[in-house]
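**Q** Structure incoming, see below.
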Amino acid sequence: MKRNTVNLLGIGVSLLTPCLVFAQKNREAKPQQPNVIFIYADDLGYGDLQCYGGTQVETPNVNRLASNGIRFTNAHATAATSTPSRYSMLTGEYAWRKPGTDIAAGNAGMIIRPERYTLADMFKHAGYSTAAIGKWHLGLGDKAGEQDWNAPLPTALDDIGFDYSYIMAATADRVPCVFIENGRVANYDPSAPIEVSYEKPFPGEPLGKDHPELLYNLKHSHGHDMAIVNGIGRIGYMKGGGKALWKDENIADSIITHAIDFIKLNKDKPFFMYFATNDVHVPRFPHDRFRGKSPMGLRGDAIVQFDWSVGQILATLDKLGLTENTLIILSSDNGPVLDDGYADQAEELAGDHKPGGPLRGGKYSAFEAGTRIPAIVSWPKEVKKGLVSDVLVSQIDWFRSLAEVTGARLPKGAAPDSYNRLGNWLGKDTTDRPWVIEQASDHTLSVRTKDWKYIETSYGIPLIPWGPKIETGYSKEPQLYDMRKVNEQENEALAHPEIVYRLQGILKDVRNRQIKEL
Ligand code: NG6
Ligand code: CA
């Protein structure tokens with residue numbers, strides 16, 4: 001329409017015409033960039049959601065998201081615990097390449113250094129407003145243990161591409177138990193200065209191990225017997241905090257409120273929001289209104305609370321008319337665990353519920369339930385509704401696949417392990433990734449192809465030694481499983497040495513950065 005008008009304007013302005021036409025074409029060539037939201041659950045297993053076969057818990061909002069997009073049945077997190085999984089996803093580099101990326105303490109220094117080009121940098125440079133809301137667990141400040149929590153932190157998320165952040169430094173079971181907003185403690189209470197240590201207790205502060213009577217909200221089953229905050233024992237020592245201390249039952253409400261505010265504020269321009277829930281990590285302590293909503297006790301109720309959070313985001317997008325052009329990826333950082341250190345009866349009340357579905361192992365483990373996770377993608381404008389895909393995909397590829405969506409050009413060396421597999425993620429290409437790499441909690445690596453899985457030899461013991469009853473998948477023998485049989489029961493390494501050899505070769509090439517293309 002506009003082009004016609006320009007053409008009709010006659011000789012006087014015709015010199016300008018090519019320029020205007022070019023600008024117009026340019027605008028047409030670049031479709032309106034979608035908003036991108038990651039809904040990243042914590043320890044949510046392959047079998048935990050109703051749309052993945054969970055029968056003991058209702059997750060209507062996640063079901064709705066899945067029926068509006070694609071549900072992946074062969075999607076993989078990069079690692080079986082939080083910090084390495086998140087590190088890999090946000091940098092596009094395997095965490096096992098980078099020392100210091102294991103489960104972080106609450107006073108770890110920033111693990112992703114400011115000079116690293118992150119997924120958030122990519123969005124920001126593509127013109128997006130960016131935010132991280134919820135669980136962080138990738139360190140803050142310059143140096144481990146040296147943060148002054150009473151002042152702005154010298155390095156925080158704005159140094160790695162997030163315009164806005166409202167986060168928990170680590171996990172809810174680790175001190176400091178306060179939210180950090182844009183690099184400083186939210187609701188800071190000057191009458192209760194904050195001190196944090198992972199080495200020694202603060203004189204006069206009661207500890208969970210000595211004062212079980214003060215653990216009025218939740219008792220520990222293993223570990224988690226140091227500082228007491230909100231009647232719950234934690235990992236690490238802490239003093240002060242006053243009115244800034246979180247109440248576990250309000251965490252989901254706090255983070256969703258900030259997420260909704262961020263969406264509203266940015267409704268007129270493209271935004272990227274990394275929304276990382278505390279659910280369903282321990283301590284599981286959902287709000288009263290979710291109590292008893294599942295037959296599985298606190299863990300099931302935390303899944304219901306997670307589903308509610310998803311519903312809040314969907315409703316906000318609907319209300320603002322943003323649903324059509326918002327790309328949502330819902331997934332989890334690693335597989336499930338029942339007893340992860342609190343007496344919340346997760347094991348006793350699980351009944352028939354299988355948090356890892358048919359898969360063997362769980363959080364921490366080299367077996368499949370450690371890293372095969374739920375993954376749902378919805379983008380009504382571009383993605384067909386109601387698809388279920390068994391294409392082999394990995395979270396490591398979100399970085400370059402989304403760079404394709406935004407049209408961003410990445411600097412040299414950025415996201416070295418990430419590949420553009422956008423076609424897979426949008427349901428347009430069903431070619432499997434040739435392999436994915438999975439990292440167990442002791443750094444044992446596995447190579448998974450569509451049909452086979454090789455677990456490298458490891459000297460770890462067969463069961464997690466510190467409490468959770470989970471098989472590690474570690475063995476001094478090389479292991480090879482036929483994944484068409486799903487549950488990794490029969491080691492076929494001796495029967496198929498040529499396949500073992502081929503998968504070992506892939507692992508060696510990936511380790512030595514010999515893979516150029518997929
Ligand atoms: C373990 C904790 C566990 C959980 C995990 C990290 C103990 C005994 N266990 O060390 O409760 O916090 O670390 O989980 O302290 S993750 O999902 O953040 O990786
Ligand atoms: Ca986790």
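Note on naming: chains are A, B, ... as they come in the structure tokens, residues start from 1 per chain, ligands start from 1 in the order shown.
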Set the distance at 12 Å and use only C-alpha atoms: which residues neighbour Arg64 (chain A) once local chain neighbours fewer than 4 positions away are removed? I'd like the list as a PyMOL selection string.
**A** chain A and resi 49-51+58-60+68-71+307-308+310-311+314-315+376-378+385-386
**Q** Any chance you could export the current selection's N, CA and C atoms as a short mmCIF file (atom, residue, chain, number, x, y, z; two decimals), in the first residue's frame?
**A**
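For reference, part_13.cif as written:
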```cif
data_model
loop_
_atom_site.label_atom_id
_atom_site.label_comp_id
_atom_site.auth_asym_id
_atom_site.auth_seq_id
_atom_site.Cartn_x
_atom_site.Cartn_y
_atom_site.Cartn_z
N LEU A 49 4.82 -34.80 34.54
CA LEU A 49 3.69 -34.00 34.08
C LEU A 49 2.60 -34.91 33.52
N GLN A 50 1.40 -34.43 33.64
CA GLN A 50 0.27 -35.22 33.15
C GLN A 50 0.41 -35.53 31.65
N CYS A 51 0.88 -34.53 30.90
CA CYS A 51 0.99 -34.76 29.45
C CYS A 51 2.16 -35.67 29.10
N GLU A 58 -2.49 -33.34 38.37
CA GLU A 58 -3.09 -32.67 37.21
C GLU A 58 -2.28 -31.44 36.85
N THR A 59 -1.93 -31.33 35.58
CA THR A 59 -1.17 -30.16 35.14
C THR A 59 -1.86 -29.54 33.91
N PRO A 60 -3.06 -28.99 34.11
CA PRO A 60 -3.87 -28.54 32.96
C PRO A 60 -3.20 -27.43 32.15
N ASN A 68 -0.94 -26.74 22.37
CA ASN A 68 -0.77 -25.60 21.45
C ASN A 68 0.54 -25.64 20.70
N GLY A 69 1.35 -26.65 20.94
CA GLY A 69 2.67 -26.68 20.30
C GLY A 69 3.18 -28.09 20.15
N ILE A 70 4.48 -28.27 20.43
CA ILE A 70 5.12 -29.58 20.26
C ILE A 70 5.58 -30.11 21.61
N ARG A 71 5.34 -31.37 21.83
CA ARG A 71 5.86 -32.03 23.02
C ARG A 71 6.95 -32.99 22.58
N ASP A 307 2.59 -25.80 37.78
CA ASP A 307 1.60 -25.72 36.71
C ASP A 307 0.81 -24.40 36.80
N TRP A 308 0.50 -24.01 38.03
CA TRP A 308 -0.20 -22.73 38.23
C TRP A 308 0.64 -21.57 37.69
N VAL A 310 2.81 -21.64 35.34
CA VAL A 310 2.74 -21.67 33.87
C VAL A 310 1.43 -21.01 33.43
N GLY A 311 0.36 -21.34 34.12
CA GLY A 311 -0.95 -20.77 33.79
C GLY A 311 -0.97 -19.26 33.91
N LEU A 314 0.72 -17.86 30.82
CA LEU A 314 -0.15 -17.99 29.63
C LEU A 314 -1.30 -16.98 29.68
N ALA A 315 -1.88 -16.81 30.87
CA ALA A 315 -3.00 -15.88 30.99
C ALA A 315 -2.55 -14.45 30.73
N ILE A 376 8.74 -28.72 25.91
CA ILE A 376 7.56 -28.33 25.12
C ILE A 376 7.88 -26.99 24.46
N VAL A 377 7.55 -26.88 23.19
CA VAL A 377 7.75 -25.61 22.48
C VAL A 377 6.41 -25.17 21.91
N SER A 378 6.07 -23.92 22.20
CA SER A 378 4.86 -23.38 21.58
C SER A 378 5.15 -22.00 20.99
N LYS A 385 0.04 -27.00 15.94
CA LYS A 385 -0.49 -27.37 17.26
C LYS A 385 -0.51 -28.88 17.44
N GLY A 386 -0.33 -29.29 18.68
CA GLY A 386 -0.59 -30.68 19.06
C GLY A 386 0.37 -31.72 18.52
#
```
**Q** Per residue of chain A within 10 Å of ligand 1, what are the shortest atom pair and its distance in Å to one decimal, counting only C-alpha atoms and all ligand atoms, with rows by chain and residue number, as CSV?
**A**
```
residue,atom,partner,partner_atom_place_in_ligand_line,distance
A:Ala41,CA,ligand 1,17 (O),9.8
A:Asp42,CA,ligand 1,17 (O),6.2
A:Asp43,CA,ligand 1,17 (O),5.8
A:Leu44,CA,ligand 1,17 (O),9.5
A:Ala79,CA,ligand 1,19 (O),9.3
A:Ala80,CA,ligand 1,19 (O),7.5
A:Thr81,CA,ligand 1,19 (O),3.8
A:Ser82,CA,ligand 1,19 (O),3.6
A:Thr83,CA,ligand 1,19 (O),6.0
A:Pro84,CA,ligand 1,19 (O),8.2
A:Ser85,CA,ligand 1,19 (O),8.5
A:Arg86,CA,ligand 1,19 (O),9.6
A:Asp102,CA,ligand 1,19 (O),8.2
A:Ile103,CA,ligand 1,19 (O),5.4
A:Ala104,CA,ligand 1,18 (O),7.8
A:Ala105,CA,ligand 1,13 (O),9.0
A:Lys135,CA,ligand 1,18 (O),9.0
A:Trp136,CA,ligand 1,18 (O),9.4
A:His137,CA,ligand 1,18 (O),7.0
A:Leu138,CA,ligand 1,18 (O),10.0
A:Ala170,CA,ligand 1,18 (O),7.5
A:Thr171,CA,ligand 1,18 (O),6.0
A:Ala172,CA,ligand 1,12 (O),8.1
A:Asp173,CA,ligand 1,12 (O),6.0
A:Arg174,CA,ligand 1,12 (O),7.3
A:His220,CA,ligand 1,8 (C),9.2
A:Ser221,CA,ligand 1,8 (C),8.5
A:His222,CA,ligand 1,8 (C),5.4
A:Gly223,CA,ligand 1,8 (C),4.1
A:His224,CA,ligand 1,15 (O),5.8
A:Asp225,CA,ligand 1,15 (O),9.0
A:Arg234,CA,ligand 1,15 (O),8.4
A:Ile235,CA,ligand 1,15 (O),6.3
A:Gly236,CA,ligand 1,15 (O),9.5
A:Asn278,CA,ligand 1,18 (O),9.4
A:Val280,CA,ligand 1,17 (O),9.2
A:His281,CA,ligand 1,17 (O),6.5
A:Val282,CA,ligand 1,11 (O),6.2
A:Pro283,CA,ligand 1,11 (O),8.0
A:Ser332,CA,ligand 1,17 (O),9.8
A:Asp333,CA,ligand 1,17 (O),7.3
A:Asn334,CA,ligand 1,17 (O),6.9
A:Gly335,CA,ligand 1,17 (O),8.6
A:Pro336,CA,ligand 1,17 (O),8.9
A:Val337,CA,ligand 1,17 (O),9.1
A:Asp339,CA,ligand 1,11 (O),8.4
A:Asp340,CA,ligand 1,11 (O),4.7
A:Gly341,CA,ligand 1,11 (O),5.1
A:Tyr342,CA,ligand 1,11 (O),7.9
A:Lys363,CA,ligand 1,17 (O),7.7
A:Tyr364,CA,ligand 1,19 (O),7.9
A:Ser441,CA,ligand 1,19 (O),8.7
A:Pro465,CA,ligand 1,8 (C),9.9
A:Trp466,CA,ligand 1,8 (C),6.3
A:Gly467,CA,ligand 1,8 (C),7.0
A:Pro468,CA,ligand 1,9 (N),8.5
```
**Q** Within 9 Å of region 125-131 of chain A, counting only C-alpha atoms, which residues qualify if same-chain residues fewer than 4 places away don't, as a list in words?
**A**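 Returned residues: Gln33, Asn35, Ala120, Asp121, Leu157, Gly161, Phe162, Asp163, Tyr164, Ser165, Tyr166, Ala259, Phe262, Asn266, Lys269, Pro270, Phe271, Phe272, Met273, Tyr274, Phe275, Ala403, Thr406, Gly407, Ala408 and Arg409 of chain A.
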**Q** Show me, as number ranges by chain, the residues that have an atom within 10 Å of Ser309 (chain A) when counting only C-alpha atoms, minus same-chain residues fewer than 6 positions from it.
**A** A: 39, 61-62, 252-253, 255-257, 259, 277, 279, 303, 315
**Q** Using only C-alpha atoms, determine which residues lie at most 8 Å from Arg372 (chain A), disregarding the query and same-chain residues fewer than 4 positions distant; provide the list as a count of residues only.
**A** 9
**Q** What does the structure give for the distance between CA of Arg97 (chain A) and CA of Gly109 (chain A), in Å to one decimal?
**A**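 Here the two named atoms are 18.1 Å from each other.
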**Q** Which residue is closest to Ala375 (chain A)? Choose from A:Ala144, A:Leu245, A:Ala66, A:Ile133 and count only C-alpha atoms.
**A**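 Closest to Ala375 (chain A) of all the choices is A:Ala66.
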**Q** Which of these, A:Gly362, A:Pro497, A:Gly351, A:Pro152, has the shortest distance to ligand 2 once you count only C-alpha atoms and all ligand atoms?
**A**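 Closest residue, counting only C-alpha atoms and all ligand atoms: A:Gly362.
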**Q** Need to verify the contact set: Lys412 (chain A), 12 Å, only C-alpha atoms, exclusion of same-chain residues closer than 3 positions in sequence. Can you return it as a PyMOL selection string?
**A** chain A and resi 116-117+409+415-416
**Q** Excluding Val393 (chain A) and any residue of its chain fewer than 3 positions from it, enumerate the residues within 12 Å of it, using only C-alpha atoms, and give them as JSON, numbers by chain.
**A** {"A": [71, 72, 73, 74, 75, 76, 77, 78, 371, 372, 373, 374, 375, 376, 389, 390, 396, 397, 398, 401, 418, 419, 420, 421, 422, 423, 424, 425, 426, 427, 429, 430, 431, 432, 433, 434, 435, 436, 437, 438, 448, 449, 450]}
**Q** Closest to ligand 2 among A:Ile470, A:Ile167, A:Ala276, A:Ala302, using only C-alpha atoms and all ligand atoms?
**A** A:Ala276
**Q** Pick out each residue of region 126-182 of chain A that DSSP on the backbone tags as strand (DSSP E or B); I need them as a list of chain:residue names.
**A** A:Ser129, A:Thr130, A:Ala131, A:Ala132, A:Ile133, A:Gly134, A:Lys135, A:Tyr164, A:Ser165, A:Tyr166, A:Ile167, A:Met168, A:Arg174, A:Val178, A:Phe179, A:Ile180, A:Glu181
**Q** May I have the residues from that selection written out with all heavy atoms, as a tab-separated table (two decimals), in the first residue's frame?
**A**
```
chain	number	residue	atom	x	y	z
A	129	SER	N	14.54	-6.79	25.17
A	129	SER	CA	14.69	-6.57	26.61
A	129	SER	C	14.86	-7.94	27.22
A	129	SER	O	14.15	-8.88	26.83
A	129	SER	CB	13.43	-5.96	27.22
A	129	SER	OG	13.22	-4.70	26.70
A	130	THR	N	15.75	-8.07	28.20
A	130	THR	CA	16.07	-9.40	28.71
A	130	THR	C	15.91	-9.45	30.23
A	130	THR	O	16.19	-8.48	30.93
A	130	THR	CB	17.53	-9.76	28.36
A	130	THR	OG1	18.38	-8.72	28.85
A	130	THR	CG2	17.74	-9.89	26.86
A	131	ALA	N	15.47	-10.59	30.72
A	131	ALA	CA	15.32	-10.73	32.17
A	131	ALA	C	15.59	-12.16	32.61
A	131	ALA	O	15.32	-13.11	31.88
A	131	ALA	CB	13.90	-10.35	32.60
A	132	ALA	N	16.13	-12.28	33.82
A	132	ALA	CA	16.26	-13.58	34.49
A	132	ALA	C	15.47	-13.48	35.78
A	132	ALA	O	15.71	-12.58	36.59
A	132	ALA	CB	17.71	-13.91	34.79
A	133	ILE	N	14.54	-14.41	35.97
A	133	ILE	CA	13.69	-14.36	37.16
A	133	ILE	C	13.62	-15.76	37.76
A	133	ILE	O	13.35	-16.73	37.05
A	133	ILE	CB	12.28	-13.83	36.78
A	133	ILE	CG1	12.43	-12.37	36.31
A	133	ILE	CG2	11.32	-13.94	37.97
A	133	ILE	CD1	11.19	-11.75	35.77
A	134	GLY	N	13.91	-15.84	39.09
A	134	GLY	CA	13.79	-17.13	39.78
A	134	GLY	C	15.14	-17.68	40.18
A	134	GLY	O	16.03	-16.96	40.63
A	135	LYS	N	15.27	-18.99	40.01
A	135	LYS	CA	16.51	-19.64	40.47
A	135	LYS	C	17.68	-19.27	39.56
A	135	LYS	O	17.59	-19.36	38.34
A	135	LYS	CB	16.31	-21.16	40.46
A	135	LYS	CG	17.61	-21.91	40.77
A	135	LYS	CD	17.38	-23.38	40.94
A	135	LYS	CE	18.70	-24.11	41.05
A	135	LYS	NZ	18.53	-25.53	41.38
A	164	TYR	N	17.29	-7.02	33.37
A	164	TYR	CA	16.58	-7.05	34.64
A	164	TYR	C	16.76	-8.43	35.26
A	164	TYR	O	16.74	-9.44	34.56
A	164	TYR	CB	15.08	-6.77	34.44
A	164	TYR	CG	14.30	-6.91	35.73
A	164	TYR	CD1	14.42	-5.94	36.73
A	164	TYR	CD2	13.49	-8.02	35.98
A	164	TYR	CE1	13.76	-6.08	37.95
A	164	TYR	CE2	12.82	-8.16	37.17
A	164	TYR	CZ	12.96	-7.20	38.16
A	164	TYR	OH	12.30	-7.34	39.36
A	165	SER	N	16.94	-8.44	36.58
A	165	SER	CA	17.00	-9.75	37.24
A	165	SER	C	16.39	-9.70	38.63
A	165	SER	O	16.53	-8.70	39.35
A	165	SER	CB	18.45	-10.26	37.33
A	165	SER	OG	19.26	-9.34	38.01
A	166	TYR	N	15.70	-10.74	38.97
A	166	TYR	CA	15.11	-10.92	40.30
A	166	TYR	C	15.30	-12.40	40.62
A	166	TYR	O	14.57	-13.25	40.12
A	166	TYR	CB	13.62	-10.55	40.27
A	166	TYR	CG	12.94	-10.69	41.62
A	166	TYR	CD1	13.06	-9.69	42.59
A	166	TYR	CD2	12.17	-11.82	41.92
A	166	TYR	CE1	12.43	-9.83	43.82
A	166	TYR	CE2	11.53	-11.95	43.14
A	166	TYR	CZ	11.68	-10.95	44.09
A	166	TYR	OH	11.05	-11.08	45.30
A	167	ILE	N	16.32	-12.69	41.39
A	167	ILE	CA	16.77	-14.08	41.47
A	167	ILE	C	17.06	-14.54	42.90
A	167	ILE	O	17.27	-13.73	43.81
A	167	ILE	CB	18.07	-14.28	40.65
A	167	ILE	CG1	19.12	-13.23	41.08
A	167	ILE	CG2	17.81	-14.20	39.16
A	167	ILE	CD1	20.52	-13.63	40.77
A	168	MET	N	17.13	-15.87	43.04
A	168	MET	CA	17.68	-16.49	44.24
A	168	MET	C	19.13	-16.79	43.88
A	168	MET	O	19.38	-17.37	42.80
A	168	MET	CB	16.95	-17.79	44.52
A	168	MET	CG	15.45	-17.63	44.50
A	168	MET	SD	14.59	-19.21	44.31
A	168	MET	CE	14.83	-19.86	45.95
A	174	ARG	N	19.89	-23.34	49.97
A	174	ARG	CA	21.21	-22.76	50.25
A	174	ARG	C	21.07	-21.30	50.66
A	174	ARG	O	20.28	-20.57	50.06
A	174	ARG	CB	22.09	-22.81	48.99
A	174	ARG	CG	22.64	-24.19	48.71
A	174	ARG	CD	23.33	-24.25	47.35
A	174	ARG	NE	23.96	-25.54	47.17
A	174	ARG	CZ	23.30	-26.69	46.93
A	174	ARG	NH1	21.99	-26.68	46.83
A	174	ARG	NH2	23.95	-27.82	46.81
A	178	VAL	N	17.52	-14.82	50.43
A	178	VAL	CA	16.94	-13.52	50.07
A	178	VAL	C	16.92	-13.44	48.55
A	178	VAL	O	17.71	-14.10	47.88
A	178	VAL	CB	17.80	-12.35	50.61
A	178	VAL	CG1	17.70	-12.25	52.12
A	178	VAL	CG2	19.27	-12.46	50.19
A	179	PHE	N	16.03	-12.62	48.01
A	179	PHE	CA	16.05	-12.37	46.57
A	179	PHE	C	17.05	-11.25	46.26
A	179	PHE	O	17.22	-10.33	47.07
A	179	PHE	CB	14.66	-11.96	46.08
A	179	PHE	CG	13.72	-13.13	45.96
A	179	PHE	CD1	12.76	-13.38	46.92
A	179	PHE	CD2	13.83	-14.00	44.89
A	179	PHE	CE1	11.91	-14.47	46.82
A	179	PHE	CE2	12.99	-15.10	44.77
A	179	PHE	CZ	12.03	-15.34	45.73
A	180	ILE	N	17.67	-11.37	45.10
A	180	ILE	CA	18.60	-10.34	44.65
A	180	ILE	C	17.98	-9.69	43.41
A	180	ILE	O	17.69	-10.39	42.43
A	180	ILE	CB	19.97	-10.95	44.24
A	180	ILE	CG1	20.44	-12.02	45.22
A	180	ILE	CG2	21.01	-9.87	43.99
A	180	ILE	CD1	21.04	-11.52	46.48
A	181	GLU	N	17.74	-8.40	43.51
A	181	GLU	CA	17.13	-7.70	42.37
A	181	GLU	C	18.17	-6.76	41.77
A	181	GLU	O	18.70	-5.88	42.48
A	181	GLU	CB	15.89	-6.92	42.85
A	181	GLU	CG	15.10	-6.32	41.70
A	181	GLU	CD	13.73	-5.82	42.16
A	181	GLU	OE1	13.57	-5.49	43.35
A	181	GLU	OE2	12.82	-5.77	41.29
```
**Q** Just checking: using only C-alpha atoms and all ligand atoms, which residue out of A:Lys219, A:Gly370, A:Leu480, A:Gly361 ends up closest to ligand 2?
**A**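 Among the listed residues, A:Gly370 lies closest to ligand 2.
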**Q** Could you state the separation of CA of Pro154 (chain A) and CA of Leu140 (chain A) in Å, given to one decimal place?
**A** 8.6 Å
**Q** Hey, can you check how far CA of Arg284 (chain A) sits from CA of Leu349 (chain A)?
**A**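 Going from CA of Arg284 (chain A) over to CA of Leu349 (chain A) covers 13.7 Å.
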**Q** Which residue, A:Asp288, A:Leu507, A:Gln32, A:Glu115, has the smallest gap to Val405 (chain A) when you use only C-alpha atoms?
**A**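 Counting only C-alpha atoms, the residue closest to Val405 (chain A) is A:Gln32.
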**Q** Just list as a list in words whatever in region 335-444 of chain A DSSP marks as helix (DSSP H, G or I).
**A** Glu368, Ala369, Gly370, Gln395, Ile396, Asp397, Trp398, Phe399, Arg400, Ser401, Leu402, Ala403, Glu404, Val405, Thr406, Leu422, Gly423, Asn424 and Trp425 of chain A
**Q** Can those selected residues be exported to a file as a short mmCIF file (atom, residue, chain, number, x, y, z; two decimals), in the first residue's frame so that it contains all heavy atoms?
**A**
```
data_model
loop_
_atom_site.label_atom_id
_atom_site.label_comp_id
_atom_site.auth_asym_id
_atom_site.auth_seq_id
_atom_site.Cartn_x
_atom_site.Cartn_y
_atom_site.Cartn_z
N GLU A 368 19.47 -42.61 31.95
CA GLU A 368 18.69 -41.68 31.14
C GLU A 368 17.80 -40.69 31.92
O GLU A 368 17.63 -39.55 31.51
CB GLU A 368 17.83 -42.54 30.20
CG GLU A 368 17.29 -41.85 29.01
CD GLU A 368 18.32 -41.45 27.97
OE1 GLU A 368 19.54 -41.60 28.20
OE2 GLU A 368 17.89 -40.97 26.93
N ALA A 369 17.25 -41.10 33.06
CA ALA A 369 16.36 -40.17 33.77
C ALA A 369 17.11 -38.96 34.31
O ALA A 369 16.49 -37.96 34.67
CB ALA A 369 15.62 -40.88 34.90
N GLY A 370 18.44 -39.03 34.34
CA GLY A 370 19.22 -37.88 34.82
C GLY A 370 19.11 -36.68 33.92
O GLY A 370 19.09 -35.53 34.38
N GLN A 395 19.32 -29.35 24.83
CA GLN A 395 19.22 -27.94 25.25
C GLN A 395 20.45 -27.14 24.84
O GLN A 395 20.39 -25.92 24.77
CB GLN A 395 19.04 -27.86 26.76
CG GLN A 395 17.71 -28.42 27.24
CD GLN A 395 17.56 -28.34 28.76
OE1 GLN A 395 18.46 -27.93 29.47
NE2 GLN A 395 16.41 -28.77 29.26
N ILE A 396 21.58 -27.79 24.61
CA ILE A 396 22.79 -27.05 24.23
C ILE A 396 22.55 -26.27 22.94
O ILE A 396 23.21 -25.26 22.67
CB ILE A 396 24.00 -28.02 24.08
CG1 ILE A 396 25.34 -27.28 23.99
CG2 ILE A 396 23.88 -28.92 22.86
CD1 ILE A 396 25.95 -26.89 25.27
N ASP A 397 21.57 -26.72 22.14
CA ASP A 397 21.33 -26.07 20.84
C ASP A 397 20.36 -24.90 20.90
O ASP A 397 20.13 -24.25 19.88
CB ASP A 397 20.84 -27.11 19.82
CG ASP A 397 21.91 -28.14 19.50
OD1 ASP A 397 23.10 -27.80 19.61
OD2 ASP A 397 21.54 -29.29 19.15
N TRP A 398 19.78 -24.64 22.06
CA TRP A 398 18.85 -23.49 22.11
C TRP A 398 19.56 -22.20 21.69
O TRP A 398 18.98 -21.35 21.02
CB TRP A 398 18.28 -23.34 23.53
CG TRP A 398 17.28 -24.38 23.89
CD1 TRP A 398 16.72 -25.31 23.05
CD2 TRP A 398 16.72 -24.63 25.18
NE1 TRP A 398 15.85 -26.11 23.75
CE2 TRP A 398 15.82 -25.72 25.05
CE3 TRP A 398 16.87 -24.05 26.42
CZ2 TRP A 398 15.09 -26.21 26.13
CZ3 TRP A 398 16.14 -24.55 27.50
CH2 TRP A 398 15.27 -25.61 27.34
N PHE A 399 20.81 -22.04 22.13
CA PHE A 399 21.55 -20.80 21.87
C PHE A 399 21.55 -20.48 20.37
O PHE A 399 21.01 -19.47 19.92
CB PHE A 399 22.98 -20.95 22.41
CG PHE A 399 23.72 -19.67 22.62
CD1 PHE A 399 24.44 -19.45 23.80
CD2 PHE A 399 23.75 -18.67 21.66
CE1 PHE A 399 25.15 -18.27 24.02
CE2 PHE A 399 24.45 -17.49 21.86
CZ PHE A 399 25.16 -17.30 23.04
N ARG A 400 22.13 -21.40 19.56
CA ARG A 400 22.26 -21.08 18.14
C ARG A 400 20.93 -21.19 17.39
O ARG A 400 20.73 -20.50 16.39
CB ARG A 400 23.33 -21.94 17.47
CG ARG A 400 24.72 -21.41 17.80
CD ARG A 400 25.83 -22.08 17.04
NE ARG A 400 27.09 -21.51 17.47
CZ ARG A 400 27.72 -20.51 16.85
NH1 ARG A 400 27.23 -19.98 15.75
NH2 ARG A 400 28.85 -20.05 17.34
N SER A 401 20.04 -22.02 17.88
CA SER A 401 18.73 -22.11 17.22
C SER A 401 17.96 -20.80 17.41
O SER A 401 17.32 -20.30 16.48
CB SER A 401 17.91 -23.27 17.79
OG SER A 401 18.63 -24.48 17.66
N LEU A 402 18.08 -20.23 18.59
CA LEU A 402 17.36 -18.97 18.85
C LEU A 402 18.08 -17.79 18.19
O LEU A 402 17.44 -16.80 17.82
CB LEU A 402 17.16 -18.77 20.34
CG LEU A 402 16.18 -19.80 20.91
CD1 LEU A 402 16.23 -19.84 22.43
CD2 LEU A 402 14.75 -19.53 20.44
N ALA A 403 19.38 -17.90 18.03
CA ALA A 403 20.10 -16.85 17.29
C ALA A 403 19.56 -16.81 15.85
O ALA A 403 19.45 -15.75 15.23
CB ALA A 403 21.60 -17.12 17.30
N GLU A 404 19.18 -17.96 15.34
CA GLU A 404 18.57 -18.03 14.01
C GLU A 404 17.22 -17.31 14.01
O GLU A 404 16.89 -16.59 13.08
CB GLU A 404 18.41 -19.50 13.62
CG GLU A 404 17.70 -19.76 12.32
CD GLU A 404 18.57 -19.47 11.10
OE1 GLU A 404 19.79 -19.32 11.28
OE2 GLU A 404 18.00 -19.39 9.99
N VAL A 405 16.47 -17.47 15.09
CA VAL A 405 15.16 -16.80 15.18
C VAL A 405 15.33 -15.29 15.20
O VAL A 405 14.58 -14.56 14.53
CB VAL A 405 14.41 -17.25 16.47
CG1 VAL A 405 13.17 -16.40 16.71
CG2 VAL A 405 14.04 -18.72 16.39
N THR A 406 16.30 -14.80 15.95
CA THR A 406 16.45 -13.34 16.07
C THR A 406 17.24 -12.76 14.91
O THR A 406 17.31 -11.55 14.76
CB THR A 406 17.20 -12.97 17.37
OG1 THR A 406 18.53 -13.50 17.29
CG2 THR A 406 16.50 -13.51 18.60
N LEU A 422 17.12 -25.27 14.70
CA LEU A 422 15.80 -24.63 14.81
C LEU A 422 14.70 -25.46 14.17
O LEU A 422 13.60 -25.56 14.70
CB LEU A 422 15.87 -23.22 14.18
CG LEU A 422 14.59 -22.40 14.33
CD1 LEU A 422 14.31 -22.10 15.79
CD2 LEU A 422 14.67 -21.10 13.53
N GLY A 423 15.03 -26.07 13.03
CA GLY A 423 14.02 -26.89 12.34
C GLY A 423 13.46 -27.97 13.24
O GLY A 423 12.25 -28.24 13.25
N ASN A 424 14.34 -28.59 14.03
CA ASN A 424 13.88 -29.62 14.99
C ASN A 424 12.95 -29.00 16.01
O ASN A 424 11.87 -29.52 16.29
CB ASN A 424 15.05 -30.20 15.78
CG ASN A 424 15.95 -31.12 14.97
OD1 ASN A 424 17.10 -31.32 15.31
ND2 ASN A 424 15.44 -31.68 13.89
N TRP A 425 13.40 -27.88 16.59
CA TRP A 425 12.66 -27.29 17.71
C TRP A 425 11.31 -26.71 17.27
O TRP A 425 10.40 -26.58 18.07
CB TRP A 425 13.50 -26.22 18.41
CG TRP A 425 14.61 -26.82 19.21
CD1 TRP A 425 15.94 -26.82 18.92
CD2 TRP A 425 14.49 -27.57 20.44
NE1 TRP A 425 16.65 -27.51 19.88
CE2 TRP A 425 15.79 -27.98 20.82
CE3 TRP A 425 13.41 -27.94 21.25
CZ2 TRP A 425 16.04 -28.73 21.98
CZ3 TRP A 425 13.65 -28.69 22.40
CH2 TRP A 425 14.96 -29.07 22.74
#
```
